[in-house]
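*Asks:* What follows is my_file23.csv; its format and atoms are CSV, N, CA and C atoms.
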chain,number,residue,atom,x,y,z
A,23,MET,N,0.8,-1.2,0.0
A,23,MET,CA,0.0,0.0,0.0
A,23,MET,C,0.9,1.3,0.0
A,24,ASN,N,2.1,1.2,0.6
A,24,ASN,CA,3.0,2.3,0.6
A,24,ASN,C,3.3,2.8,-0.8
A,25,THR,N,3.6,1.8,-1.7
A,25,THR,CA,3.9,2.2,-3.1
A,25,THR,C,2.7,2.9,-3.8
A,26,ALA,N,1.5,2.4,-3.6
A,26,ALA,CA,0.3,3.0,-4.1
A,26,ALA,C,0.1,4.4,-3.6
A,27,ALA,N,0.3,4.6,-2.3
A,27,ALA,CA,0.2,5.9,-1.7
A,27,ALA,C,1.2,6.9,-2.3
A,28,HIS,N,2.5,6.4,-2.5
A,28,HIS,CA,3.5,7.3,-3.1
A,28,HIS,C,3.1,7.6,-4.5
A,29,VAL,N,2.6,6.7,-5.3
A,29,VAL,CA,2.2,6.9,-6.7
A,29,VAL,C,1.1,8.0,-6.7
A,30,LEU,N,0.1,7.8,-5.8
A,30,LEU,CA,-1.0,8.8,-5.8
A,30,LEU,C,-0.5,10.2,-5.4
A,31,VAL,N,0.4,10.3,-4.4
A,31,VAL,CA,0.9,11.6,-4.0
A,31,VAL,C,1.7,12.2,-5.2
A,32,GLY,N,2.5,11.4,-5.9
A,32,GLY,CA,3.2,11.9,-7.0
A,32,GLY,C,2.3,12.4,-8.1
A,33,LEU,N,1.2,11.7,-8.3
A,33,LEU,CA,0.2,12.1,-9.4
A,33,LEU,C,-0.4,13.4,-9.0
A,34,VAL,N,-0.8,13.6,-7.7
A,34,VAL,CA,-1.4,14.8,-7.2
A,34,VAL,C,-0.3,16.0,-7.3
A,35,ALA,N,0.9,15.7,-7.0
A,35,ALA,CA,2.0,16.7,-7.2
A,35,ALA,C,2.1,17.1,-8.7
A,36,ALA,N,2.1,16.1,-9.5
A,36,ALA,CA,2.2,16.4,-11.0
A,36,ALA,C,1.0,17.2,-11.5
A,37,LEU,N,-0.2,16.9,-11.0
A,37,LEU,CA,-1.4,17.6,-11.3
A,37,LEU,C,-1.3,19.1,-10.9
A,38,HIS,N,-0.8,19.3,-9.7
A,38,HIS,CA,-0.6,20.7,-9.3
A,38,HIS,C,0.5,21.5,-10.0
A,39,ALA,N,1.5,20.7,-10.4
A,39,ALA,CA,2.6,21.4,-11.2
A,39,ALA,C,2.0,21.8,-12.6
A,40,TYR,N,1.1,20.9,-13.1
A,40,TYR,CA,0.4,21.3,-14.4
A,40,TYR,C,-0.5,22.5,-14.2
A,41,PHE,N,-1.2,22.6,-13.0
A,41,PHE,CA,-2.0,23.7,-12.7
A,41,PHE,C,-1.2,25.0,-12.7
A,42,LEU,N,0.0,24.9,-12.1
A,42,LEU,CA,0.9,26.0,-12.1
A,42,LEU,C,1.2,26.5,-13.5
A,43,VAL,N,1.6,25.6,-14.4
A,43,VAL,CA,2.0,26.0,-15.7
A,43,VAL,C,0.7,26.6,-16.4
A,44,LEU,N,-0.4,25.9,-16.3
A,44,LEU,CA,-1.6,26.4,-17.0
A,44,LEU,C,-2.0,27.8,-16.5
A,45,GLU,N,-2.0,28.0,-15.2
A,45,GLU,CA,-2.4,29.3,-14.7
A,45,GLU,C,-1.4,30.4,-14.8
A,46,MET,N,-0.1,30.1,-14.7
A,46,MET,CA,0.9,31.1,-14.7
A,46,MET,C,1.3,31.4,-16.2
A,47,PHE,N,1.4,30.5,-17.0
A,47,PHE,CA,2.0,30.7,-18.3
A,47,PHE,C,1.1,30.5,-19.5
A,48,LEU,N,0.0,29.7,-19.3
A,48,LEU,CA,-0.9,29.4,-20.5
A,48,LEU,C,-2.3,30.0,-20.3
A,49,TRP,N,-2.5,30.8,-19.4
A,49,TRP,CA,-3.8,31.4,-19.1
A,49,TRP,C,-4.4,32.1,-20.2
A,50,GLN,N,-3.6,32.9,-20.9
A,50,GLN,CA,-4.1,33.7,-22.0
A,50,GLN,C,-4.1,33.0,-23.4
A,51,ARG,N,-3.5,31.8,-23.4
A,51,ARG,CA,-3.5,31.0,-24.6
A,51,ARG,C,-4.7,30.0,-24.6
A,52,ARG,N,-4.8,29.2,-25.6
A,52,ARG,CA,-5.9,28.3,-25.8
A,52,ARG,C,-6.2,27.4,-24.6
A,53,PRO,N,-5.1,26.7,-24.0
A,53,PRO,CA,-5.4,25.8,-22.9
A,53,PRO,C,-6.1,26.5,-21.7
A,54,GLY,N,-5.6,27.6,-21.4
A,54,GLY,CA,-6.2,28.4,-20.3
A,54,GLY,C,-7.6,28.9,-20.5
A,55,ARG,N,-7.7,29.4,-21.8
A,55,ARG,CA,-9.0,30.0,-22.1
A,55,ARG,C,-10.1,28.8,-22.3
A,56,ASP,N,-9.6,27.7,-22.7
A,56,ASP,CA,-10.6,26.5,-22.8
A,56,ASP,C,-11.0,26.1,-21.4
A,57,LEU,N,-10.1,26.1,-20.5
A,57,LEU,CA,-10.4,25.7,-19.1
A,57,LEU,C,-11.4,26.7,-18.5
A,58,SER,N,-11.0,28.0,-18.6
A,58,SER,CA,-11.8,29.0,-17.9
A,58,SER,C,-13.1,29.4,-18.7
A,59,GLY,N,-13.1,29.2,-20.0
A,59,GLY,CA,-14.2,29.6,-20.8
A,59,GLY,C,-14.2,31.1,-21.1
A,60,PHE,N,-13.0,31.8,-20.8
A,60,PHE,CA,-12.9,33.2,-21.0
A,60,PHE,C,-12.5,33.5,-22.4
A,61,ASP,N,-13.0,34.7,-22.9
A,61,ASP,CA,-12.5,35.2,-24.2
A,61,ASP,C,-11.1,35.9,-23.9
A,62,GLU,N,-10.5,36.3,-25.0
A,62,GLU,CA,-9.1,36.9,-24.9
A,62,GLU,C,-9.1,38.1,-23.9
A,63,GLU,N,-10.1,38.9,-24.0
A,63,GLU,CA,-10.1,40.1,-23.1
A,63,GLU,C,-10.2,39.7,-21.6
A,64,MET,N,-11.1,38.8,-21.3
A,64,MET,CA,-11.3,38.4,-19.9
A,64,MET,C,-10.1,37.6,-19.4
A,65,ALA,N,-9.5,36.8,-20.3
A,65,ALA,CA,-8.3,36.1,-19.9
A,65,ALA,C,-7.1,37.1,-19.6
A,66,ARG,N,-7.0,38.1,-20.4
A,66,ARG,CA,-6.0,39.1,-20.1
A,66,ARG,C,-6.3,39.8,-18.8
A,67,ALA,N,-7.5,40.1,-18.5
A,67,ALA,CA,-7.9,40.9,-17.3
A,67,ALA,C,-7.7,40.0,-16.1
A,68,THR,N,-7.9,38.7,-16.2
A,68,THR,CA,-7.8,37.9,-15.0
A,68,THR,C,-6.4,37.2,-14.9
A,69,ALA,N,-5.5,37.4,-15.8
A,69,ALA,CA,-4.2,36.7,-15.8
A,69,ALA,C,-3.4,36.9,-14.5
A,70,PRO,N,-3.4,38.1,-13.9
A,70,PRO,CA,-2.7,38.2,-12.7
A,70,PRO,C,-3.3,37.4,-11.5
A,71,LEU,N,-4.6,37.3,-11.5
A,71,LEU,CA,-5.2,36.4,-10.5
A,71,LEU,C,-4.9,35.0,-10.7
A,72,ALA,N,-5.0,34.6,-12.0
A,72,ALA,CA,-4.7,33.2,-12.3
A,72,ALA,C,-3.2,32.8,-12.0
A,73,ALA,N,-2.3,33.8,-12.3
A,73,ALA,CA,-0.9,33.5,-12.0
A,73,ALA,C,-0.7,33.4,-10.5
A,74,ASN,N,-1.4,34.2,-9.7
A,74,ASN,CA,-1.3,34.0,-8.2
A,74,ASN,C,-1.8,32.7,-7.8
A,75,GLN,N,-2.9,32.3,-8.4
A,75,GLN,CA,-3.4,30.9,-8.1
A,75,GLN,C,-2.5,29.8,-8.5
A,76,GLY,N,-1.8,30.0,-9.6
A,76,GLY,CA,-0.8,29.0,-10.1
A,76,GLY,C,0.3,28.9,-9.2
A,77,LEU,N,0.8,30.1,-8.6
A,77,LEU,CA,1.9,30.0,-7.7
A,77,LEU,C,1.5,29.2,-6.4
A,78,TYR,N,0.3,29.4,-5.9
A,78,TYR,CA,-0.1,28.6,-4.8
A,78,TYR,C,-0.1,27.1,-5.1
A,79,ASN,N,-0.6,26.7,-6.4
A,79,ASN,CA,-0.6,25.3,-6.8
A,79,ASN,C,0.9,24.8,-6.8
A,80,GLY,N,1.8,25.7,-7.2
A,80,GLY,CA,3.2,25.3,-7.2
A,80,GLY,C,3.7,25.0,-5.8
A,81,PHE,N,3.3,25.8,-4.9
A,81,PHE,CA,3.7,25.5,-3.5
A,81,PHE,C,3.1,24.1,-3.0
A,82,LEU,N,1.9,23.8,-3.4
A,82,LEU,CA,1.3,22.5,-3.0
A,82,LEU,C,2.1,21.4,-3.7
A,83,ALA,N,2.5,21.5,-4.9
A,83,ALA,CA,3.3,20.5,-5.6
A,83,ALA,C,4.6,20.4,-4.9
A,84,ALA,N,5.3,21.5,-4.6
A,84,ALA,CA,6.6,21.4,-3.9
A,84,ALA,C,6.5,20.7,-2.6
A,85,GLY,N,5.4,21.0,-1.8
A,85,GLY,CA,5.2,20.4,-0.5
A,85,GLY,C,5.0,18.9,-0.6
A,86,LEU,N,4.3,18.5,-1.6
A,86,LEU,CA,4.0,17.0,-1.8
A,86,LEU,C,5.3,16.3,-2.2
A,87,ILE,N,6.1,17.0,-3.1
A,87,ILE,CA,7.4,16.4,-3.5
A,87,ILE,C,8.3,16.3,-2.3
A,88,TRP,N,8.3,17.3,-1.4
A,88,TRP,CA,9.1,17.3,-0.2
A,88,TRP,C,8.6,16.1,0.7
A,89,GLY,N,7.3,15.9,0.8
A,89,GLY,CA,6.8,14.8,1.6
A,89,GLY,C,7.3,13.4,1.0
A,90,LEU,N,7.4,13.3,-0.3
A,90,LEU,CA,7.8,12.1,-0.9
A,90,LEU,C,9.3,11.8,-0.7
A,91,ILE,N,10.1,12.8,-0.6
A,91,ILE,CA,11.6,12.6,-0.5
A,91,ILE,C,12.1,12.7,0.9
A,92,ALA,N,11.3,13.3,1.8
A,92,ALA,CA,11.8,13.3,3.2
A,92,ALA,C,11.6,12.0,3.9
A,93,ALA,N,12.5,11.7,4.8
A,93,ALA,CA,12.4,10.5,5.6
A,93,ALA,C,11.2,10.6,6.6
A,94,ASP,N,10.7,9.4,6.9
A,94,ASP,CA,9.6,9.4,7.9
A,94,ASP,C,10.2,9.6,9.3
A,95,PRO,N,9.5,10.2,10.2
A,95,PRO,CA,8.1,10.5,10.2
A,95,PRO,C,7.8,11.9,9.5
A,96,THR,N,8.8,12.6,9.2
A,96,THR,CA,8.6,14.0,8.6
A,96,THR,C,7.9,13.8,7.2
A,97,GLY,N,8.3,12.9,6.4
A,97,GLY,CA,7.7,12.7,5.1
A,97,GLY,C,6.2,12.4,5.2
A,98,TYR,N,5.9,11.5,6.0
A,98,TYR,CA,4.4,11.2,6.3
A,98,TYR,C,3.6,12.4,6.7
A,99,ARG,N,4.2,13.1,7.7
A,99,ARG,CA,3.5,14.3,8.2
A,99,ARG,C,3.3,15.4,7.2
A,100,VAL,N,4.3,15.6,6.4
A,100,VAL,CA,4.3,16.6,5.3
A,100,VAL,C,3.2,16.2,4.3
A,101,GLN,N,3.2,14.9,3.9
A,101,GLN,CA,2.2,14.5,2.9
A,101,GLN,C,0.8,14.7,3.4
A,102,VAL,N,0.6,14.3,4.7
A,102,VAL,CA,-0.8,14.5,5.3
A,102,VAL,C,-1.1,16.0,5.3
A,103,PHE,N,-0.2,16.8,5.7
A,103,PHE,CA,-0.5,18.3,5.7
A,103,PHE,C,-0.9,18.8,4.4
A,104,PHE,N,0.0,18.6,3.4
A,104,PHE,CA,-0.2,19.2,2.1
A,104,PHE,C,-1.4,18.5,1.3
A,105,LEU,N,-1.6,17.3,1.5
A,105,LEU,CA,-2.8,16.7,0.9
A,105,LEU,C,-4.1,17.2,1.6
A,106,SER,N,-4.0,17.5,2.9
A,106,SER,CA,-5.2,18.1,3.5
A,106,SER,C,-5.4,19.5,2.9
A,107,CYS,N,-4.4,20.2,2.7
A,107,CYS,CA,-4.5,21.5,2.0
A,107,CYS,C,-5.1,21.4,0.7
A,108,VAL,N,-4.7,20.4,-0.1
A,108,VAL,CA,-5.2,20.2,-1.4
A,108,VAL,C,-6.7,19.9,-1.4
A,109,VAL,N,-7.1,19.1,-0.4
A,109,VAL,CA,-8.5,18.7,-0.3
A,109,VAL,C,-9.4,19.9,0.1
A,110,ILE,N,-8.9,20.6,1.1
A,110,ILE,CA,-9.6,21.8,1.6
A,110,ILE,C,-9.7,22.9,0.5
A,111,ALA,N,-8.6,23.1,-0.2
A,111,ALA,CA,-8.7,24.1,-1.3
A,111,ALA,C,-9.6,23.6,-2.4
A,112,GLY,N,-9.6,22.3,-2.7
A,112,GLY,CA,-10.5,21.8,-3.7
A,112,GLY,C,-12.0,21.8,-3.3
A,113,LEU,N,-12.3,21.6,-2.1
A,113,LEU,CA,-13.6,21.7,-1.6
A,113,LEU,C,-14.1,23.2,-1.7
A,114,TYR,N,-13.2,24.1,-1.2
A,114,TYR,CA,-13.6,25.5,-1.2
A,114,TYR,C,-13.8,26.0,-2.7
A,115,GLY,N,-12.9,25.6,-3.6
A,115,GLY,CA,-13.0,26.0,-5.0
A,115,GLY,C,-14.2,25.4,-5.6
A,116,GLY,N,-14.5,24.2,-5.3
A,116,GLY,CA,-15.6,23.4,-5.8
A,116,GLY,C,-17.0,24.0,-5.4
A,117,PHE,N,-17.1,24.5,-4.2
A,117,PHE,CA,-18.3,25.1,-3.7
A,117,PHE,C,-18.5,26.6,-4.0
A,118,THR,N,-17.3,27.3,-4.3
A,118,THR,CA,-17.4,28.7,-4.5
A,118,THR,C,-17.2,29.2,-5.9
A,119,ALA,N,-16.4,28.4,-6.7
A,119,ALA,CA,-16.0,28.8,-8.0
A,119,ALA,C,-16.6,27.9,-9.1
A,120,ASN,N,-16.3,26.7,-9.1
A,120,ASN,CA,-16.7,25.8,-10.2
A,120,ASN,C,-16.7,24.3,-9.6
A,121,ARG,N,-17.8,23.7,-9.8
A,121,ARG,CA,-18.0,22.3,-9.3
A,121,ARG,C,-16.9,21.3,-9.9
A,122,ARG,N,-16.4,21.6,-11.0
A,122,ARG,CA,-15.4,20.7,-11.6
A,122,ARG,C,-14.2,20.6,-10.8
A,123,ILE,N,-13.9,21.6,-9.9
A,123,ILE,CA,-12.7,21.6,-9.0
A,123,ILE,C,-12.9,20.4,-8.0
A,124,LEU,N,-14.1,20.1,-7.7
A,124,LEU,CA,-14.3,18.9,-6.8
A,124,LEU,C,-13.7,17.7,-7.4
A,125,VAL,N,-13.9,17.5,-8.7
A,125,VAL,CA,-13.4,16.3,-9.3
A,125,VAL,C,-11.9,16.4,-9.7
A,126,ALA,N,-11.5,17.6,-10.1
A,126,ALA,CA,-10.1,17.8,-10.6
A,126,ALA,C,-9.1,17.9,-9.5
A,127,GLN,N,-9.5,18.4,-8.3
A,127,GLN,CA,-8.6,18.7,-7.2
A,127,GLN,C,-8.9,17.9,-5.9
A,128,ALA,N,-10.1,18.1,-5.5
A,128,ALA,CA,-10.5,17.6,-4.2
A,128,ALA,C,-10.5,16.0,-4.2
A,129,LEU,N,-11.1,15.4,-5.2
A,129,LEU,CA,-11.1,14.0,-5.3
A,129,LEU,C,-9.8,13.3,-5.4
A,130,PRO,N,-8.9,13.7,-6.3
A,130,PRO,CA,-7.5,13.1,-6.3
A,130,PRO,C,-6.8,13.3,-5.0
A,131,GLY,N,-6.9,14.5,-4.4
A,131,GLY,CA,-6.3,14.8,-3.1
A,131,GLY,C,-6.8,13.9,-2.0
A,132,ALA,N,-8.1,13.7,-2.0
A,132,ALA,CA,-8.8,12.8,-1.0
A,132,ALA,C,-8.3,11.4,-1.1
A,133,LEU,N,-8.3,10.9,-2.4
A,133,LEU,CA,-7.9,9.5,-2.6
A,133,LEU,C,-6.4,9.3,-2.2
A,134,ALA,N,-5.5,10.3,-2.5
A,134,ALA,CA,-4.1,10.2,-2.1
A,134,ALA,C,-4.0,10.3,-0.6
A,135,LEU,N,-4.8,11.2,0.1
A,135,LEU,CA,-4.7,11.3,1.5
A,135,LEU,C,-5.2,10.0,2.2
A,136,ALA,N,-6.3,9.4,1.7
A,136,ALA,CA,-6.7,8.1,2.2
A,136,ALA,C,-5.7,7.0,2.1
A,137,ALA,N,-5.0,7.0,1.0
A,137,ALA,CA,-4.0,6.0,0.8
A,137,ALA,C,-2.8,6.2,1.7
A,138,VAL,N,-2.4,7.4,1.9
A,138,VAL,CA,-1.3,7.8,2.8
A,138,VAL,C,-1.7,7.4,4.2
A,139,LEU,N,-2.9,7.7,4.6
A,139,LEU,CA,-3.3,7.4,6.0
A,139,LEU,C,-3.4,5.9,6.2
A,140,VAL,N,-3.9,5.1,5.3
A,140,VAL,CA,-3.9,3.7,5.4
A,140,VAL,C,-2.6,3.1,5.4
A,141,ALA,N,-1.7,3.6,4.6
A,141,ALA,CA,-0.3,3.1,4.5
A,141,ALA,C,0.5,3.4,5.8
A,142,GLY,N,0.1,4.6,6.4
A,142,GLY,CA,0.7,5.2,7.5
A,142,GLY,C,1.4,4.4,8.5
Can you present the structure in this file as structure tokens?
*Replies:*
Amino acid sequence: MNTAAHVLVGLVAALHAYFLVLEMFLWQRRPGRDLSGFDEEMARATAPLAANQGLYNGFLAAGLIWGLIAADPTGYRVQVFFLSCVVIAGLYGGFTANRRILVAQALPGALALAAVLVAG
């Protein structure tokens, strides 16, 4: 189960690294506009907000990677903390911004968190 937990944590970290790239660098291009549904003008107007959001997603990815490479008990604790942050952020975003965030962020985070806790 430990291997499965590590794989899930790695996938969540990769997902958040992708969110960083999408929100910080691709927001005004087609991938970002397709995700947001914004036209060019709205994408340009919201780009600073998206970049800030992307930076936070990068911090989540970095924390999860730290949790994977740190020795236990630190690694385990860091994974639990950052996965909890992912789930909470996903729930908040899902209920306040877009329900798709529940599936794209909260669900993967919750599955990885459950696997880490079971493997714990």
*Asks:* For Cys107 in chain A, which residue out of A:Leu82, A:Ala36, A:Leu133, A:Ala26 is the nearest one, using all atoms listed in the file?
*Replies:*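 Nearest candidate to Cys107 in chain A out of A:Leu82, A:Ala36, A:Leu133, A:Ala26: A:Leu82.
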*Asks:* List the neighbours of Leu44 in chain A out to 10 Å using only C-alpha atoms; skip same-chain residues closer than 5 positions along the sequence, and give me the result as a PDB file with N, CA and C atoms, in the frame of the given file.
*Replies:*
ATOM      1  N   HIS A  38      -0.800  19.300  -9.700  1.00  0.00           N
ATOM      2  CA  HIS A  38      -0.600  20.700  -9.300  1.00  0.00           C
ATOM      3  C   HIS A  38       0.500  21.500 -10.000  1.00  0.00           C
ATOM      4  N   ALA A  39       1.500  20.700 -10.400  1.00  0.00           N
ATOM      5  CA  ALA A  39       2.600  21.400 -11.200  1.00  0.00           C
ATOM      6  C   ALA A  39       2.000  21.800 -12.600  1.00  0.00           C
ATOM      7  N   TRP A  49      -2.500  30.800 -19.400  1.00  0.00           N
ATOM      8  CA  TRP A  49      -3.800  31.400 -19.100  1.00  0.00           C
ATOM      9  C   TRP A  49      -4.400  32.100 -20.200  1.00  0.00           C
ATOM     10  N   GLN A  50      -3.600  32.900 -20.900  1.00  0.00           N
ATOM     11  CA  GLN A  50      -4.100  33.700 -22.000  1.00  0.00           C
ATOM     12  C   GLN A  50      -4.100  33.000 -23.400  1.00  0.00           C
ATOM     13  N   ARG A  51      -3.500  31.800 -23.400  1.00  0.00           N
ATOM     14  CA  ARG A  51      -3.500  31.000 -24.600  1.00  0.00           C
ATOM     15  C   ARG A  51      -4.700  30.000 -24.600  1.00  0.00           C
ATOM     16  N   ARG A  52      -4.800  29.200 -25.600  1.00  0.00           N
ATOM     17  CA  ARG A  52      -5.900  28.300 -25.800  1.00  0.00           C
ATOM     18  C   ARG A  52      -6.200  27.400 -24.600  1.00  0.00           C
ATOM     19  N   PRO A  53      -5.100  26.700 -24.000  1.00  0.00           N
ATOM     20  CA  PRO A  53      -5.400  25.800 -22.900  1.00  0.00           C
ATOM     21  C   PRO A  53      -6.100  26.500 -21.700  1.00  0.00           C
ATOM     22  N   GLY A  54      -5.600  27.600 -21.400  1.00  0.00           N
ATOM     23  CA  GLY A  54      -6.200  28.400 -20.300  1.00  0.00           C
ATOM     24  C   GLY A  54      -7.600  28.900 -20.500  1.00  0.00           C
ATOM     25  N   ARG A  55      -7.700  29.400 -21.800  1.00  0.00           N
ATOM     26  CA  ARG A  55      -9.000  30.000 -22.100  1.00  0.00           C
ATOM     27  C   ARG A  55     -10.100  28.800 -22.300  1.00  0.00           C
ATOM     28  N   LEU A  57     -10.100  26.100 -20.500  1.00  0.00           N
ATOM     29  CA  LEU A  57     -10.400  25.700 -19.100  1.00  0.00           C
ATOM     30  C   LEU A  57     -11.400  26.700 -18.500  1.00  0.00           C
ATOM     31  N   ALA A  72      -5.000  34.600 -12.000  1.00  0.00           N
ATOM     32  CA  ALA A  72      -4.700  33.200 -12.300  1.00  0.00           C
ATOM     33  C   ALA A  72      -3.200  32.800 -12.000  1.00  0.00           C
ATOM     34  N   ALA A  73      -2.300  33.800 -12.300  1.00  0.00           N
ATOM     35  CA  ALA A  73      -0.900  33.500 -12.000  1.00  0.00           C
ATOM     36  C   ALA A  73      -0.700  33.400 -10.500  1.00  0.00           C
ATOM     37  N   GLY A  76      -1.800  30.000  -9.600  1.00  0.00           N
ATOM     38  CA  GLY A  76      -0.800  29.000 -10.100  1.00  0.00           C
ATOM     39  C   GLY A  76       0.300  28.900  -9.200  1.00  0.00           C
TER      40      GLY A  76
END
*Asks:* Taking the backbone alone, and naming residues the way the document does, which bits of range 55-99 of chain A are helix (DSSP H, G or I) by DSSP, as a PyMOL selection string?
*Replies:* chain A and resi 55-58+62-91+96-99
*Asks:* Mind pulling up the distance from CA of Ala134 in chain A to atom C of Thr25 in chain A?
*Replies:*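 CA of Ala134 in chain A lies 10.1 Å from atom C of Thr25 in chain A.
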*Asks:* Select all residues near (0.8, 18.4, -0.8) (cut-off 9 Å, inclusive, file coordinates), counting only C-alpha atoms, and output them as an NGL selection string.
*Replies:* :A and (31 or 34-35 or 38 or 81-89 or 100-108 or 131)
*Asks:* If I take atom N of Pro95 in chain A and atom N of Tyr114 in chain A, how far is one from the other in Å, to one decimal?
*Replies:* 29.0 Å
*Asks:* If I take CA of Phe47 in chain A and CA of Glu63 in chain A, how far is one from the other in Å, to one decimal?
*Replies:*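 Distance between the two atoms: 16.1 Å.
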*Asks:* Name the closest residue to Leu33 in chain A among the candidates A:Arg99, A:Gly116, A:Ala136, A:Pro130; distances are taken between atoms, counting only N, CA and C atoms.
*Replies:*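 Checking each candidate against Leu33 in chain A, we get A:Pro130 as the closest.
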